[in-house]
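K.L.:
Just one file: model.cif, with mmCIF, C-alpha atoms.
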data_run
loop_
_atom_site.label_atom_id
_atom_site.label_comp_id
_atom_site.auth_asym_id
_atom_site.auth_seq_id
_atom_site.Cartn_x
_atom_site.Cartn_y
_atom_site.Cartn_z
CA MET A 1497 -26.38 -15.03 15.77
CA LYS A 1498 -27.19 -12.74 18.73
CA LYS A 1499 -24.43 -10.37 17.63
CA LEU A 1500 -25.81 -10.22 14.10
CA VAL A 1501 -29.29 -9.41 15.39
CA LEU A 1502 -27.85 -6.74 17.68
CA LEU A 1503 -25.91 -5.18 14.83
CA SER A 1504 -29.03 -5.04 12.69
CA LEU A 1505 -31.06 -3.45 15.49
CA ILE A 1506 -28.39 -0.85 16.14
CA PHE A 1507 -28.18 -0.12 12.44
CA MET A 1508 -31.95 0.47 12.30
CA PHE A 1509 -31.57 2.83 15.26
CA LEU A 1510 -28.93 4.80 13.39
CA LEU A 1511 -31.18 5.10 10.36
CA THR A 1512 -34.26 6.22 12.25
CA SER A 1513 -32.87 8.40 15.04
CA GLY A 1514 -33.34 12.13 14.75
CA THR A 1515 -30.86 14.94 14.91
CA VAL A 1516 -31.10 15.46 18.69
CA SER A 1517 -27.53 15.62 19.94
CA ALA A 1518 -28.14 12.94 22.59
CA ASP A 1519 -28.88 10.45 19.80
CA VAL A 1520 -25.75 11.18 17.81
CA VAL A 1521 -23.10 8.45 17.86
CA GLU A 1522 -19.65 10.03 17.95
CA PHE A 1523 -16.24 8.46 17.46
CA GLU A 1524 -12.72 9.18 16.23
CA PHE A 1525 -10.92 8.01 13.10
CA TRP A 1526 -7.13 8.26 13.39
CA HIS A 1527 -5.12 8.68 10.20
CA ALA A 1528 -1.81 9.84 8.71
CA MET A 1529 -3.06 11.53 5.54
CA SER A 1530 -1.60 14.98 4.90
CA GLY A 1531 -1.58 17.46 2.02
CA ALA A 1532 -3.99 16.71 -0.81
CA ASN A 1533 -4.60 13.22 0.59
CA GLY A 1534 -5.66 14.66 3.92
CA GLU A 1535 -7.87 17.29 2.31
CA ILE A 1536 -9.93 14.80 0.29
CA LEU A 1537 -10.20 12.47 3.30
CA GLU A 1538 -11.57 15.33 5.42
CA GLU A 1539 -14.05 16.20 2.66
CA LEU A 1540 -15.29 12.62 2.34
CA VAL A 1541 -15.69 12.24 6.11
CA GLU A 1542 -17.61 15.52 6.21
CA GLN A 1543 -19.84 14.28 3.38
CA PHE A 1544 -20.55 11.09 5.33
CA ASN A 1545 -21.46 13.09 8.44
CA GLU A 1546 -23.83 15.27 6.41
CA GLU A 1547 -25.52 12.19 4.95
CA ASN A 1548 -25.89 10.55 8.38
CA ASP A 1549 -27.46 12.86 10.95
CA SER A 1550 -27.10 10.29 13.73
CA ILE A 1551 -23.34 9.78 13.25
CA GLU A 1552 -20.48 12.22 13.80
CA ILE A 1553 -16.98 11.03 12.87
CA THR A 1554 -14.01 13.15 13.91
CA PRO A 1555 -10.97 12.47 11.70
CA ILE A 1556 -7.76 13.10 13.63
CA PHE A 1557 -4.45 13.53 11.83
CA GLN A 1558 -1.75 11.94 13.98
CA GLY A 1559 1.31 12.87 11.95
CA HIS A 1560 3.35 10.57 9.76
CA TYR A 1561 2.77 6.82 9.82
CA ARG A 1562 5.39 6.27 12.50
CA ASP A 1563 3.71 8.90 14.70
CA LEU A 1564 0.32 7.28 14.15
CA PHE A 1565 1.59 3.83 15.07
CA GLU A 1566 3.35 5.10 18.20
CA LYS A 1567 0.17 6.85 19.34
CA LEU A 1568 -1.90 3.73 18.66
CA SER A 1569 0.51 1.72 20.79
CA GLY A 1570 0.20 4.20 23.63
CA ALA A 1571 -3.58 4.29 23.29
CA ALA A 1572 -3.73 0.50 23.50
CA GLN A 1573 -1.75 0.51 26.74
CA ALA A 1574 -4.08 3.17 28.15
CA ASN A 1575 -7.18 1.39 26.79
CA GLN A 1576 -8.08 4.53 24.83
CA LEU A 1577 -7.99 3.30 21.25
CA PRO A 1578 -10.05 5.10 18.59
CA THR A 1579 -12.96 3.35 16.94
CA LEU A 1580 -11.37 3.42 13.48
CA THR A 1581 -7.81 3.72 12.26
CA GLN A 1582 -5.78 3.25 9.13
CA ILE A 1583 -2.96 0.78 9.69
CA TYR A 1584 -0.65 -1.53 7.79
CA PRO A 1585 -1.73 -5.18 8.04
CA ASN A 1586 1.67 -6.22 9.43
CA ARG A 1587 1.18 -3.62 12.19
CA LEU A 1588 -2.37 -4.78 12.88
CA THR A 1589 -1.19 -8.34 13.63
CA ALA A 1590 -0.01 -7.40 17.12
CA TYR A 1591 -3.38 -5.82 17.97
CA ILE A 1592 -5.21 -8.90 16.73
CA MET A 1593 -2.99 -11.12 18.88
CA ASN A 1594 -3.80 -8.85 21.85
CA ASP A 1595 -7.54 -9.12 21.08
CA PHE A 1596 -8.03 -5.40 20.41
CA VAL A 1597 -9.48 -5.67 16.90
CA GLU A 1598 -13.09 -6.20 15.90
CA ASP A 1599 -13.68 -9.16 13.61
CA LEU A 1600 -15.40 -7.67 10.55
CA THR A 1601 -16.56 -11.03 9.18
CA PRO A 1602 -20.05 -10.83 10.76
CA TYR A 1603 -20.51 -7.33 9.34
CA ILE A 1604 -19.24 -8.15 5.85
CA PHE A 1605 -21.51 -11.13 5.28
CA ASP A 1606 -24.61 -10.02 7.18
CA GLU A 1607 -27.62 -10.15 4.85
CA GLU A 1608 -28.98 -6.79 5.99
CA ILE A 1609 -25.96 -4.58 6.67
CA GLY A 1610 -23.16 -6.38 4.84
CA PHE A 1611 -21.89 -6.39 1.27
CA THR A 1612 -23.84 -8.12 -1.44
CA THR A 1613 -21.92 -10.81 -3.32
CA GLU A 1614 -21.54 -8.40 -6.23
CA GLU A 1615 -20.23 -5.61 -3.99
CA TRP A 1616 -17.79 -7.92 -2.24
CA GLU A 1617 -16.34 -9.36 -5.43
CA ASP A 1618 -16.03 -5.83 -6.83
CA ILE A 1619 -13.08 -5.33 -4.45
CA PRO A 1620 -9.92 -6.94 -5.89
CA GLU A 1621 -9.34 -10.25 -4.16
CA PHE A 1622 -5.72 -9.55 -3.23
CA PHE A 1623 -6.89 -6.40 -1.42
CA ARG A 1624 -9.57 -8.36 0.46
CA ASN A 1625 -7.23 -11.20 1.38
CA ASP A 1626 -4.71 -8.92 3.04
CA GLY A 1627 -7.15 -8.41 5.90
CA ILE A 1628 -7.54 -12.11 6.71
CA TRP A 1629 -6.11 -13.74 9.84
CA ASN A 1630 -7.14 -17.30 10.73
CA ASP A 1631 -9.91 -17.20 8.11
CA ASN A 1632 -11.50 -14.07 9.60
CA HIS A 1633 -11.55 -10.57 8.11
CA TYR A 1634 -10.11 -7.96 10.47
CA SER A 1635 -9.48 -5.11 8.04
CA LEU A 1636 -10.38 -3.85 4.59
CA PRO A 1637 -8.34 -1.79 2.09
CA PHE A 1638 -8.14 1.94 2.74
CA ASN A 1639 -5.38 3.67 0.74
CA LYS A 1640 -3.59 1.61 -1.90
CA GLY A 1641 -0.93 2.48 -4.43
CA GLY A 1642 0.85 0.34 -6.99
CA TYR A 1643 4.44 0.34 -8.23
CA LEU A 1644 5.09 1.54 -11.77
CA MET A 1645 7.90 2.33 -14.15
CA PHE A 1646 8.31 6.06 -14.85
CA TYR A 1647 10.19 7.09 -17.98
CA ASN A 1648 11.35 10.22 -19.80
CA LYS A 1649 9.58 10.27 -23.17
CA ASP A 1650 12.02 12.67 -24.81
CA MET A 1651 15.03 10.54 -23.89
CA PHE A 1652 13.35 7.41 -25.21
CA GLU A 1653 12.37 9.14 -28.46
CA LYS A 1654 15.88 10.55 -28.90
CA HIS A 1655 17.32 7.03 -28.81
CA GLY A 1656 14.44 5.48 -30.77
CA LEU A 1657 13.54 3.18 -27.89
CA GLU A 1658 10.31 1.42 -27.00
CA VAL A 1659 9.21 0.89 -23.41
CA PRO A 1660 10.92 -2.23 -21.98
CA GLY A 1661 8.62 -5.15 -21.33
CA ASN A 1662 10.99 -7.48 -19.49
CA TRP A 1663 14.22 -7.48 -17.51
CA ASP A 1664 16.48 -8.13 -20.49
CA GLU A 1665 14.98 -5.19 -22.38
CA LEU A 1666 15.22 -3.01 -19.28
CA LYS A 1667 18.95 -3.67 -18.93
CA GLU A 1668 19.55 -3.19 -22.66
CA LYS A 1669 17.72 0.13 -22.75
CA ALA A 1670 19.22 1.38 -19.50
CA LYS A 1671 22.65 0.79 -21.05
CA LYS A 1672 21.74 2.75 -24.20
CA LEU A 1673 20.30 5.62 -22.17
CA THR A 1674 23.36 5.93 -19.91
CA ASN A 1675 26.08 8.47 -20.68
CA ASP A 1676 28.45 10.71 -18.74
CA ASP A 1677 25.60 12.93 -17.52
CA ILE A 1678 22.65 10.55 -17.34
CA LYS A 1679 22.00 7.21 -15.70
CA GLY A 1680 19.54 4.83 -17.25
CA ILE A 1681 17.65 4.10 -14.03
CA ALA A 1682 17.09 5.60 -10.58
CA PHE A 1683 15.85 3.56 -7.62
CA ASN A 1684 14.42 4.95 -4.39
CA GLN A 1685 16.81 4.96 -1.46
CA SER A 1686 14.59 2.23 -0.01
CA VAL A 1687 15.07 -0.03 -3.04
CA GLY A 1688 15.90 -2.97 -0.76
CA ILE A 1689 12.71 -2.43 1.21
CA ASP A 1690 10.74 -2.05 -2.02
CA SER A 1691 12.48 -4.99 -3.70
CA SER A 1692 9.86 -7.66 -3.08
CA PHE A 1693 8.34 -7.28 -6.55
CA TRP A 1694 11.71 -8.07 -8.12
CA VAL A 1695 11.90 -11.25 -6.02
CA GLU A 1696 8.32 -12.13 -6.94
CA GLN A 1697 9.02 -11.48 -10.62
CA ALA A 1698 11.99 -13.84 -10.41
CA GLY A 1699 9.53 -16.52 -9.28
CA GLY A 1700 10.19 -16.29 -5.55
CA GLU A 1701 8.58 -14.87 -2.42
CA LEU A 1702 9.77 -13.18 0.74
CA ILE A 1703 8.24 -15.62 3.19
CA ASP A 1704 5.95 -18.63 3.14
CA GLU A 1705 3.60 -17.38 5.85
CA GLU A 1706 1.68 -20.64 6.12
CA ASN A 1707 4.84 -22.59 6.96
CA ASP A 1708 6.68 -19.66 8.57
CA LYS A 1709 9.71 -20.03 6.30
CA ILE A 1710 11.72 -17.03 5.08
CA LYS A 1711 12.53 -17.51 1.41
CA PHE A 1712 14.00 -14.30 0.01
CA ASN A 1713 17.52 -15.80 0.11
CA GLU A 1714 16.61 -18.71 -2.16
CA LYS A 1715 17.72 -18.87 -5.80
CA GLU A 1716 14.94 -16.57 -7.04
CA GLY A 1717 15.87 -13.88 -4.52
CA VAL A 1718 19.53 -14.23 -5.44
CA LYS A 1719 18.63 -13.81 -9.11
CA ALA A 1720 16.63 -10.64 -8.36
CA TYR A 1721 19.42 -9.12 -6.28
CA GLU A 1722 22.07 -10.03 -8.84
CA PHE A 1723 19.98 -8.23 -11.46
CA LEU A 1724 19.39 -5.11 -9.35
CA THR A 1725 22.91 -4.76 -8.01
CA GLY A 1726 24.34 -5.63 -11.42
CA LEU A 1727 22.55 -2.65 -12.95
CA ILE A 1728 24.04 -0.41 -10.28
CA ASN A 1729 27.55 -1.87 -10.35
CA ASP A 1730 27.65 -1.74 -14.16
CA GLY A 1731 26.88 1.98 -13.99
CA TYR A 1732 23.46 1.81 -15.66
CA ALA A 1733 21.49 2.60 -12.51
CA MET A 1734 21.79 4.67 -9.34
CA ILE A 1735 20.19 4.83 -5.92
CA ALA A 1736 18.70 8.23 -5.02
CA GLU A 1737 20.66 8.48 -1.78
CA GLU A 1738 20.49 12.25 -1.24
CA ASP A 1739 16.98 12.79 -2.60
CA GLY A 1740 15.53 9.70 -0.97
CA TYR A 1741 13.20 9.08 -3.91
CA MET A 1742 13.81 8.64 -7.63
CA SER A 1743 11.58 11.63 -8.33
CA GLY A 1744 14.45 14.07 -7.64
CA PRO A 1745 16.94 12.90 -10.27
CA PHE A 1746 14.06 11.98 -12.57
CA VAL A 1747 12.57 15.47 -12.82
CA ARG A 1748 16.06 17.00 -13.05
CA GLU A 1749 16.53 14.70 -16.06
CA GLU A 1750 19.57 13.05 -14.54
CA VAL A 1751 17.99 9.64 -15.21
CA ALA A 1752 15.68 8.24 -17.87
CA ILE A 1753 13.76 5.63 -15.85
CA GLY A 1754 12.54 5.35 -12.28
CA PHE A 1755 10.53 2.92 -10.20
CA SER A 1756 8.14 4.11 -7.52
CA SER A 1757 4.59 3.91 -6.22
CA THR A 1758 1.55 5.78 -7.50
CA SER A 1759 1.40 7.34 -4.03
CA HIS A 1760 4.21 9.63 -5.23
CA LEU A 1761 2.34 10.71 -8.36
CA PRO A 1762 1.18 14.11 -7.03
CA TYR A 1763 4.76 15.08 -6.19
CA ILE A 1764 6.25 13.76 -9.44
CA LYS A 1765 3.55 15.46 -11.50
CA GLU A 1766 4.02 18.82 -9.78
CA ALA A 1767 7.81 18.71 -10.01
CA ALA A 1768 7.75 17.54 -13.64
CA GLU A 1769 5.59 20.54 -14.54
CA GLU A 1770 8.04 22.84 -12.78
CA TYR A 1771 11.02 21.36 -14.65
CA ASN A 1772 9.07 20.96 -17.92
CA VAL A 1773 9.75 17.21 -18.14
CA ASN A 1774 7.92 15.12 -20.75
CA TRP A 1775 7.22 11.88 -18.90
CA ASP A 1776 4.92 8.89 -18.77
CA THR A 1777 4.44 5.61 -16.92
CA ALA A 1778 4.22 1.96 -17.87
CA VAL A 1779 3.52 -1.35 -16.19
CA LEU A 1780 6.49 -3.01 -14.52
CA PRO A 1781 8.77 -5.00 -16.84
CA LYS A 1782 8.39 -8.71 -16.11
CA GLY A 1783 10.99 -11.24 -15.08
CA GLU A 1784 10.20 -14.96 -15.06
CA ARG A 1785 6.62 -13.89 -14.39
CA LYS A 1786 4.53 -10.77 -13.96
CA ALA A 1787 4.16 -9.46 -10.42
CA ALA A 1788 3.18 -6.01 -9.18
CA LEU A 1789 3.44 -4.82 -5.61
CA PHE A 1790 0.53 -2.82 -4.20
CA SER A 1791 1.13 -1.16 -0.88
CA GLY A 1792 -0.78 0.99 1.56
CA THR A 1793 -2.86 0.71 4.69
CA ASP A 1794 -6.12 -0.93 5.62
CA ILE A 1795 -8.96 0.41 7.74
CA ALA A 1796 -9.62 -1.44 10.99
CA MET A 1797 -12.06 -1.17 13.89
CA TYR A 1798 -11.06 -1.59 17.53
CA ASN A 1799 -13.37 -3.62 19.75
CA THR A 1800 -12.90 -1.28 22.71
CA SER A 1801 -15.69 0.93 21.34
CA THR A 1802 -19.39 0.68 22.16
CA GLU A 1803 -21.71 -1.45 20.04
CA GLU A 1804 -23.31 1.75 18.74
CA GLN A 1805 -19.93 3.16 17.72
CA LYS A 1806 -18.96 -0.08 16.00
CA ALA A 1807 -22.23 -0.21 14.07
CA ALA A 1808 -21.75 3.41 12.98
CA ALA A 1809 -18.12 2.75 12.06
CA TRP A 1810 -19.21 -0.14 9.88
CA GLU A 1811 -21.49 2.23 7.98
CA PHE A 1812 -18.47 4.41 7.22
CA ILE A 1813 -16.42 1.41 6.08
CA LYS A 1814 -19.18 0.44 3.65
CA TYR A 1815 -19.46 4.05 2.52
CA TRP A 1816 -15.72 4.04 1.71
CA PHE A 1817 -16.37 1.48 -1.06
CA ARG A 1818 -19.35 3.29 -2.57
CA GLU A 1819 -18.57 4.00 -6.21
CA ASP A 1820 -18.77 7.80 -6.08
CA VAL A 1821 -16.70 7.89 -2.87
CA THR A 1822 -13.86 5.67 -4.03
CA VAL A 1823 -13.83 7.50 -7.38
CA ASP A 1824 -13.41 10.81 -5.51
CA TRP A 1825 -10.63 9.22 -3.49
CA GLY A 1826 -8.95 7.83 -6.60
CA THR A 1827 -9.08 11.12 -8.51
CA ASN A 1828 -8.16 13.54 -5.73
CA SER A 1829 -5.52 11.62 -3.77
CA GLY A 1830 -2.32 9.85 -4.69
CA TYR A 1831 -4.09 6.51 -4.34
CA LEU A 1832 -6.24 4.20 -6.42
CA PRO A 1833 -9.99 3.56 -6.46
CA LEU A 1834 -10.70 0.36 -4.54
CA THR A 1835 -13.26 -1.37 -6.76
CA TYR A 1836 -13.38 -2.61 -10.33
CA SER A 1837 -16.64 -0.76 -11.00
CA ALA A 1838 -15.13 2.54 -9.84
CA ALA A 1839 -12.15 2.00 -12.12
CA ASP A 1840 -14.54 1.51 -15.05
CA SER A 1841 -16.88 4.37 -14.12
CA PRO A 1842 -17.34 7.25 -16.61
CA ASP A 1843 -15.91 9.79 -14.16
CA PHE A 1844 -12.74 7.81 -13.54
CA VAL A 1845 -12.30 6.89 -17.21
CA GLU A 1846 -12.52 10.60 -18.04
CA TYR A 1847 -9.95 11.34 -15.31
CA LEU A 1848 -7.57 8.79 -16.83
CA GLU A 1849 -7.54 10.67 -20.14
CA ASP A 1850 -5.37 13.33 -18.49
CA ASN A 1851 -3.91 11.08 -15.77
CA PRO A 1852 -3.05 7.74 -17.39
CA ALA A 1853 -0.57 6.63 -14.73
CA LYS A 1854 -3.19 5.22 -12.38
CA GLY A 1855 -4.71 3.33 -15.27
CA ASN A 1856 -1.38 1.60 -15.82
CA ALA A 1857 -1.27 0.66 -12.15
CA MET A 1858 -4.73 -0.90 -12.33
CA LYS A 1859 -3.77 -2.90 -15.41
CA GLN A 1860 -1.60 -4.82 -12.95
CA PHE A 1861 -4.52 -5.84 -10.70
CA PRO A 1862 -4.66 -9.38 -12.22
CA TYR A 1863 -1.14 -10.12 -10.98
CA GLY A 1864 -1.03 -7.79 -8.01
CA TYR A 1865 -0.04 -8.82 -4.50
CA GLN A 1866 0.77 -7.25 -1.15
CA ASP A 1867 3.65 -7.81 1.23
CA PRO A 1868 3.52 -10.27 4.17
CA LYS A 1869 1.54 -9.35 7.28
CA VAL A 1870 3.49 -11.58 9.67
CA LEU A 1871 4.15 -10.10 13.12
CA ASN A 1872 7.11 -7.70 12.93
CA GLY A 1873 7.14 -8.24 9.17
CA TYR A 1874 9.04 -5.01 8.64
CA SER A 1875 12.17 -6.81 9.85
CA ILE A 1876 12.12 -8.77 6.59
CA HIS A 1877 12.25 -5.56 4.55
CA SER A 1878 14.81 -3.79 6.72
CA ASN A 1879 17.20 -6.72 6.53
CA MET A 1880 16.72 -7.01 2.77
CA GLN A 1881 17.61 -3.32 2.56
CA GLN A 1882 20.75 -3.90 4.62
CA ALA A 1883 21.74 -6.80 2.37
CA LEU A 1884 21.41 -4.70 -0.77
CA GLU A 1885 23.50 -1.91 0.73
CA GLU A 1886 26.21 -4.41 1.71
CA ILE A 1887 26.28 -5.87 -1.80
CA VAL A 1888 26.54 -2.46 -3.49
CA LYS A 1889 28.73 -0.57 -1.03
CA GLU A 1890 30.87 -3.36 0.43
CA ASN A 1891 30.94 -5.68 -2.58
CA ARG A 1892 29.59 -8.58 -0.53
CA ASP A 1893 28.62 -11.83 -2.22
CA VAL A 1894 24.89 -11.77 -3.00
CA GLN A 1895 24.12 -15.20 -1.57
CA GLU A 1896 26.09 -14.57 1.62
CA ALA A 1897 24.49 -11.16 2.18
CA LEU A 1898 20.99 -12.56 1.70
CA ASP A 1899 21.70 -15.57 3.93
CA ASP A 1900 22.84 -13.25 6.72
CA ALA A 1901 19.79 -11.06 6.16
CA ARG A 1902 17.58 -14.14 6.41
CA ASP A 1903 19.21 -15.14 9.71
CA ARG A 1904 18.75 -11.66 11.20
CA ALA A 1905 15.14 -11.46 10.05
CA ARG A 1906 14.43 -14.94 11.44
CA GLN A 1907 15.83 -13.93 14.81
CA GLU A 1908 13.77 -10.73 14.90
CA LEU A 1909 10.57 -12.51 13.90
CA ASP A 1910 11.14 -15.16 16.58
CA GLU A 1911 11.84 -12.50 19.21
CA ALA A 1912 8.58 -10.77 18.35
CA MET A 1913 6.66 -14.04 18.72
CA ARG A 1914 8.34 -14.82 22.05
CA ALA A 1915 7.25 -11.40 23.30
CA PHE A 1916 3.70 -12.64 22.78
CA GLY A 1917 4.43 -15.94 24.49
CA GLN A 1918 4.22 -17.83 21.21
#
Please re-express this file's structure in structure tokens.
P.N.:
Amino acid sequence: MKKLVLLSLIFMFLLTSGTVSADVVEFEFWHAMSGANGEILEELVEQFNEENDSIEITPIFQGHYRDLFEKLSGAAQANQLPTLTQIYPNRLTAYIMNDFVEDLTPYIFDEEIGFTTEEWEDIPEFFRNDGIWNDNHYSLPFNKGGYLMFYNKDMFEKHGLEVPGNWDELKEKAKKLTNDDIKGIAFNQSVGIDSSFWVEQAGGELIDEENDKIKFNEKEGVKAYEFLTGLINDGYAMIAEEDGYMSGPFVREEVAIGFSSTSHLPYIKEAAEEYNVNWDTAVLPKGERKAALFSGTDIAMYNTSTEEQKAAAWEFIKYWFREDVTVDWGTNSGYLPLTYSAADSPDFVEYLEDNPAKGNAMKQFPYGYQDPKVLNGYSIHSNMQQALEEIVKENRDVQEALDDARDRARQELDEAMRAFGQ
């Protein structure tokens, strides 16, 4: 209760203080947004600063995600963490276990400075839930993209094909679209890392976090990997090894279909215009069930900052979900707006008329999910990637490759926990 009262008092100070420099609360926000994404972030931070005379946020670009995470690790060791950062939930886990992260629960549900019930429920639940550890909220969504199917409209029309709605149709149409010069489908080089939505669509999951049981090697995961690797081994699909992403062969019209995240939309759109490709997107074809992976970072606050900095940082976090702000973010970056009301707003609806891809991504909100946030969770993905490569390149048995991947991931997860004395 004392903390809630203090937060409210500090908030009132921020609202009423003048523009004298001594009264200005300053702090840093570390991020990894570059290009158009970085430009709109800088603009939105500048707009916040202009609207709040008593707060001055300095956004600091730290390089690619890996660079950002390495610098955060070094800053934690030196006790020089920023007030705010963008970070993947599975990366944030270690900082929570080390007691570096501010619990946002008291801010979120405070009657004076928190979200109203309507505002809170306006954020998709699966976005909100990704920031929960031990029933407390430590982060909120920042930049989110969803996986989609990209397809070449001219190739589909030439063969008289409709967009596939399920796995069987996808395989059938990939076969019809494949010839000596064209593959039906292109996957990103990281298809094994991105493969969780195929496992989820088969009815499985990567890990049961509540019971700490890895499950991607169970029958549903085997079914998903047999489907994926079967498409490749049958010659109907390819992995974009040299390009890294499906966008390369897709815009060169070497493939008819690709799977990737909306975060790549700006690059695909620009390249498609250069190559004069007639393309569109669709929701992911379903397997046993519908499931759509949404990925991206959250925004988190470190508790090493002053109470004044934390109160000011909370004001920015709330600002990030304001309708006009998240609409600007959703229309000028490669990412999605973060609330239902923003998605339905006149400005965003008008934007979708010329940019329907993001609308298709948001159609998947009802069955969207995000990947596990277990400590060292990336080891799950990296070992799934290794398994897929072994199946395709070394002709390994699917079950055996996934079992070995499970064992390696289990060992790496356990080693990470032991490092924390768990």
K.L.:
Atom CA of Asp1903 of chain A and atom CA of Met1593 of chain A are how many Å apart?
P.N.:
24.4 Å
K.L.:
Taking the file as shown, what set of residues would the PyMOL selection byres ((chain A and resi 1645-1660) around 8) give back, as a PyMOL selection string?
P.N.:
chain A and resi 1643-1644+1661-1663+1665-1666+1669+1672-1673+1746+1749+1752-1756+1773-1781
K.L.:
For segment 1832-1849 of chain A, please output as a VMD selection string all residues within 9 Å (counting all atoms listed in the file; exclusion window: fewer than 3 positions along the same chain).
P.N.:
chain A and resid 1615 1617 to 1620 1623 1637 to 1642 1758 to 1759 1816 to 1827 1829 1852 to 1855 1857 to 1858
K.L.:
Find the residue from A:Leu1761, A:Ala1915, A:Ile1876, A:Val1718 that sits nearest to Asn1533 of chain A; use only C-alpha atoms when measuring.
P.N.:
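The answer is A:Leu1761, which sits nearest to Asn1533 of chain A.
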K.L.:
Could you tell me which residues the PyMOL selection byres ((chain A and resi 1598) around 10) grabs in this file, written as a list in words?
P.N.:
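Applying the PyMOL selection byres ((chain A and resi 1598) around 10) to the structure shown produces Thr1579, Tyr1591, Ile1592, Asp1595, Phe1596, Val1597, Asp1599, Leu1600, Thr1601, Pro1602, Tyr1603, His1633, Tyr1634, Ser1635, Ala1796, Met1797, Tyr1798, Asn1799, Thr1800, Ser1801 and Lys1806 of chain A.
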K.L.:
Can you measure atom CA of Asn1891 of chain A to atom CA of Phe1683 of chain A for me? One decimal in Å is fine.
P.N.:
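Pair atom CA of Asn1891 of chain A / atom CA of Phe1683 of chain A returns 18.4 Å.
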K.L.:
Which residues, written as an MDAnalysis selection string, have at least one atom at most 9 Å from Ser1878 of chain A, with all atoms listed in the file counted and residues fewer than 5 positions away on the same chain left out?
P.N.:
chainID A and resid 1688:1689 1883 1901 1905
K.L.:
Which value, in Å to one decimal, gives the distance between atom CA of Lys1786 of chain A and atom CA of Tyr1863 of chain A?
P.N.:
6.4 Å
K.L.:
Hey, what's within 9 Å of Tyr1741 of chain A if we count all atoms listed in the file and toss same-chain stuff fewer than 6 positions away? As a ChimeraX atom specification, please?
P.N.:
/A:1682-1686,1735,1756
K.L.:
List the neighbours of Glu1750 of chain A out to 12 Å using all atoms listed in the file; skip same-chain residues closer than 5 positions along the sequence, and give me the result as number ranges by chain.
P.N.:
A: 1647-1648, 1651, 1673-1682, 1732-1736, 1742-1745, 1771, 1773
K.L.:
Can you tell me which residues surround Gly1864 of chain A at a distance of at most 8 Å, considering only C-alpha atoms, apart from same-chain residues fewer than 6 positions away, and format the answer as a count of residues only?
P.N.:
5
K.L.:
Report the centre and edge lengths, in Å to one decimal, of an axis-aligned box enclosing every atom of segment 1656-1662 of chain A listed in the file, padded by 8 Å on each side, as lines of an AutoDock Vina configuration file.
P.N.:
center_x = 11.5
center_y = -1.0
center_z = -25.1
size_x = 21.8
size_y = 29.0
size_z = 27.3
K.L.:
Run the PyMOL selection byres ((chain A and resi 1538) around 12) against the file shown and list the residues it catches, as a PDB file with C-alpha atoms, in the coordinates of the input.
P.N.:
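Dumped to out-v7.pdb:
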ATOM      1  CA  PHE A1525     -10.920   8.010  13.100  1.00  0.00           C
ATOM      2  CA  TRP A1526      -7.130   8.260  13.390  1.00  0.00           C
ATOM      3  CA  HIS A1527      -5.120   8.680  10.200  1.00  0.00           C
ATOM      4  CA  ALA A1528      -1.810   9.840   8.710  1.00  0.00           C
ATOM      5  CA  MET A1529      -3.060  11.530   5.540  1.00  0.00           C
ATOM      6  CA  SER A1530      -1.600  14.980   4.900  1.00  0.00           C
ATOM      7  CA  GLY A1531      -1.580  17.460   2.020  1.00  0.00           C
ATOM      8  CA  ALA A1532      -3.990  16.710  -0.810  1.00  0.00           C
ATOM      9  CA  ASN A1533      -4.600  13.220   0.590  1.00  0.00           C
ATOM     10  CA  GLY A1534      -5.660  14.660   3.920  1.00  0.00           C
ATOM     11  CA  GLU A1535      -7.870  17.290   2.310  1.00  0.00           C
ATOM     12  CA  ILE A1536      -9.930  14.800   0.290  1.00  0.00           C
ATOM     13  CA  LEU A1537     -10.200  12.470   3.300  1.00  0.00           C
ATOM     14  CA  GLU A1539     -14.050  16.200   2.660  1.00  0.00           C
ATOM     15  CA  LEU A1540     -15.290  12.620   2.340  1.00  0.00           C
ATOM     16  CA  VAL A1541     -15.690  12.240   6.110  1.00  0.00           C
ATOM     17  CA  GLU A1542     -17.610  15.520   6.210  1.00  0.00           C
ATOM     18  CA  GLN A1543     -19.840  14.280   3.380  1.00  0.00           C
ATOM     19  CA  PHE A1544     -20.550  11.090   5.330  1.00  0.00           C
ATOM     20  CA  ASN A1545     -21.460  13.090   8.440  1.00  0.00           C
ATOM     21  CA  ILE A1553     -16.980  11.030  12.870  1.00  0.00           C
ATOM     22  CA  THR A1554     -14.010  13.150  13.910  1.00  0.00           C
ATOM     23  CA  PRO A1555     -10.970  12.470  11.700  1.00  0.00           C
ATOM     24  CA  ILE A1556      -7.760  13.100  13.630  1.00  0.00           C
ATOM     25  CA  PHE A1557      -4.450  13.530  11.830  1.00  0.00           C
ATOM     26  CA  ASP A1824     -13.410  10.810  -5.510  1.00  0.00           C
ATOM     27  CA  TRP A1825     -10.630   9.220  -3.490  1.00  0.00           C
ATOM     28  CA  ASN A1828      -8.160  13.540  -5.730  1.00  0.00           C
ATOM     29  CA  SER A1829      -5.520  11.620  -3.770  1.00  0.00           C
TER      30      SER A1829
END
K.L.:
Which residue is closest to Leu1898 of chain A? Choose from A:Gln1697, A:Ser1791, A:Asn1632, A:Gln1881 and count all atoms listed in the file.
P.N.:
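Going through A:Gln1697, A:Ser1791, A:Asn1632, A:Gln1881 one by one, the smallest distance to Leu1898 of chain A is for A:Gln1881.
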